[in-house]
Amino acid sequence: MRPPWGRRCIFVAQLWGIGFWVGLFVQSIVSLAPRSFDPWRHQDLSTGQWVAYATISLGIWLCEGVGAFQRSFSPQLVRRAKELGPFSPIHELLLSPGFVAGLFAARGKRLVKSWALIAVLVPGLALTVPWLPYPWRSMVDAGVVLGLGWGTAVIVVLYARALLTSRWPDIDPDMPRLRIQWPEAKPGETLSSLQPQQQQQQLEQPLDSA
């Protein structure tokens with residue numbers, strides 16, 4: 001049986017997992033921001049178009065930034081990073097961006113949501129938005145920039161708070177049964193954090209006692 005991973009190793013895996021998504025979102029923001037500001041530079045929109053610009057961009061911010069990111073994806077991402085522990089499989093540490101995003105080692109519902117986001121929503125926007133004419137594409141880009149910016153900020157704030165105060169998001173990490181906390185577990189204790197002998201004892205327990 002291999003020795004447990006050290007704290008530095010776990011921290012690096014967490015940082016790799018969370019930092020990957022933060023970097024990806026920041027890169028997307030930087031690429032979309034110039035186009036979203038085109039109407040402000042040109043000042044060529046009618047009153048109705050300015051109303052549409054504000055409505056569309058704020059609507060996407062509310063749905064994407066507040067609804068999808070702040071209430072679900074961002075806290076879930078940070079919370080699942082906590083599940084990377086001393087006895088986590090090496091593939092979870094190496095592939096921590098996929099792990100924290102719920103692309104594997106998660107319940108079925110979480111897998112469907114995560115893969116739908118990656119395989120449907122993102123490609124869908126990439127294929128449809130570029131075909132929108134000006135200024136409608138700028139309106140959508142502005143909303144995406146606001147939403148991604150808000151969601152990224154939530155991820156950074158929640159992870160910084162967890163590192164500084166040990167206060168992790170109070171949300172179900174949607175882990176599989178073998179990684180779910182059991183009733184008698186200590187706060188923050190999961191199967192991956194136990195010694196091998198303790199892990200075996202928990203695995204041998206019946207379902208109704210897990």
# chains A, B, ... in the order shown; residues from 1 in each chain; ligands from 1
>>> residues_around(residues="Ile60 of chain A", least_positions_apart="6", cutoff="9 Å", atoms="only C-alpha atoms", output="MDAnalysis selection string")
chainID A and resid 140 142:144 146:147
>>> write_last_selection(atoms="all heavy atoms", output="short mmCIF file (atom, residue, chain, number, x, y, z; two decimals), in the first residue's frame")
data_model
loop_
_atom_site.label_atom_id
_atom_site.label_comp_id
_atom_site.auth_asym_id
_atom_site.auth_seq_id
_atom_site.Cartn_x
_atom_site.Cartn_y
_atom_site.Cartn_z
N VAL A 140 -24.48 39.63 -26.74
CA VAL A 140 -24.28 38.31 -26.15
C VAL A 140 -22.90 38.20 -25.52
O VAL A 140 -22.74 37.67 -24.41
CB VAL A 140 -24.49 37.21 -27.21
CG1 VAL A 140 -24.16 35.84 -26.63
CG2 VAL A 140 -25.93 37.23 -27.72
N ALA A 142 -21.11 40.56 -24.28
CA ALA A 142 -21.09 41.34 -23.04
C ALA A 142 -21.69 40.53 -21.89
O ALA A 142 -21.17 40.54 -20.77
CB ALA A 142 -21.85 42.64 -23.23
N GLY A 143 -22.79 39.82 -22.17
CA GLY A 143 -23.39 39.00 -21.13
C GLY A 143 -22.50 37.85 -20.70
O GLY A 143 -22.39 37.54 -19.51
N VAL A 144 -21.85 37.23 -21.67
CA VAL A 144 -20.94 36.12 -21.36
C VAL A 144 -19.75 36.61 -20.54
O VAL A 144 -19.32 35.96 -19.58
CB VAL A 144 -20.46 35.43 -22.65
CG1 VAL A 144 -19.40 34.38 -22.33
CG2 VAL A 144 -21.64 34.77 -23.37
N LEU A 146 -19.72 39.21 -18.51
CA LEU A 146 -20.21 39.48 -17.16
C LEU A 146 -20.42 38.18 -16.39
O LEU A 146 -20.03 38.07 -15.21
CB LEU A 146 -21.52 40.26 -17.23
CG LEU A 146 -21.43 41.72 -17.66
CD1 LEU A 146 -22.84 42.32 -17.79
CD2 LEU A 146 -20.63 42.53 -16.65
N GLY A 147 -21.04 37.19 -17.05
CA GLY A 147 -21.30 35.93 -16.38
C GLY A 147 -20.03 35.18 -16.00
O GLY A 147 -19.89 34.71 -14.86
#
>>> select_by_dssp(residues="segment 15-154 of chain A", states="helix (DSSP H, G or I)", output="number ranges by chain")
A: 15-36, 38-42, 47-81, 90-94, 96-100, 108-131, 136-154
>>> closest_residue(among="A:Ala101, A:Arg79, A:Leu95, A:Asp141", to="Ser114 of chain A", atoms="only C-alpha atoms")
A:Ala101
>>> residues_around(residues="Phe69 of chain A", least_positions_apart="5", cutoff="9 Å", atoms="only C-alpha atoms", output="list in words")
Cys63, Glu64, Ser74, Pro75, Gly147, Leu148, Trp150, Gly151, Thr152, Val154 and Ile155 of chain A
>>> write_last_selection(atoms="N, CA and C atoms", output="tab-separated table (two decimals), in the first residue's frame")
chain	number	residue	atom	x	y	z
A	63	CYS	N	-28.53	34.66	-15.39
A	63	CYS	CA	-28.70	33.22	-15.63
A	63	CYS	C	-27.39	32.47	-15.50
A	64	GLU	N	-26.36	33.01	-16.14
A	64	GLU	CA	-25.07	32.32	-16.17
A	64	GLU	C	-24.24	32.61	-14.92
A	74	SER	N	-19.62	27.12	-9.31
A	74	SER	CA	-18.46	27.65	-8.57
A	74	SER	C	-18.31	27.01	-7.19
A	75	PRO	N	-19.34	27.00	-6.33
A	75	PRO	CA	-19.17	26.34	-5.03
A	75	PRO	C	-18.94	24.84	-5.16
A	147	GLY	N	-21.04	37.19	-17.05
A	147	GLY	CA	-21.30	35.93	-16.38
A	147	GLY	C	-20.03	35.18	-16.00
A	148	LEU	N	-19.11	35.07	-16.94
A	148	LEU	CA	-17.84	34.39	-16.66
A	148	LEU	C	-17.03	35.14	-15.62
A	150	TRP	N	-18.15	37.07	-13.24
A	150	TRP	CA	-18.78	36.89	-11.93
A	150	TRP	C	-18.49	35.49	-11.39
A	151	GLY	N	-18.66	34.49	-12.23
A	151	GLY	CA	-18.42	33.11	-11.79
A	151	GLY	C	-16.98	32.86	-11.41
A	152	THR	N	-16.06	33.43	-12.16
A	152	THR	CA	-14.63	33.28	-11.85
A	152	THR	C	-14.30	33.94	-10.53
A	154	VAL	N	-16.28	34.38	-8.02
A	154	VAL	CA	-16.84	33.56	-6.94
A	154	VAL	C	-15.92	32.38	-6.64
A	155	ILE	N	-15.39	31.74	-7.68
A	155	ILE	CA	-14.47	30.62	-7.47
A	155	ILE	C	-13.24	31.07	-6.68
>>> closest_residue(among="A:Ile18, A:Val30, A:Val145, A:Ala105", to="Ile56 of chain A", atoms="only C-alpha atoms")
A:Val145
>>> residues_around(residues="Gly19 of chain A", least_positions_apart="6", cutoff="12 Å", atoms="only C-alpha atoms", output="NGL selection string")
:A and (11-13 or 25-27 or 77-78 or 81 or 96-98 or 100-101 or 152 or 155-156 or 159-160)
>>> residues_around(residues="Trp136 of chain A", least_positions_apart="4", cutoff="9 Å", atoms="only C-alpha atoms", output="list in words")
Gln49, Ala52, Tyr53, Val129, Leu132, Val140 and Asp141 of chain A
>>> closest_residue(among="A:Leu158, A:Leu117, A:Met139, A:Ala33", to="Gly59 of chain A", atoms="only C-alpha atoms")
A:Met139
>>> atom_distance(atom1="atom CA of Arg107 of chain A", atom2="atom CA of Met175 of chain A")
5.8 Å
>>> atom_distance(atom1="atom CA of Ala106 of chain A", atom2="atom CA of Pro3 of chain A")
24.7 Å
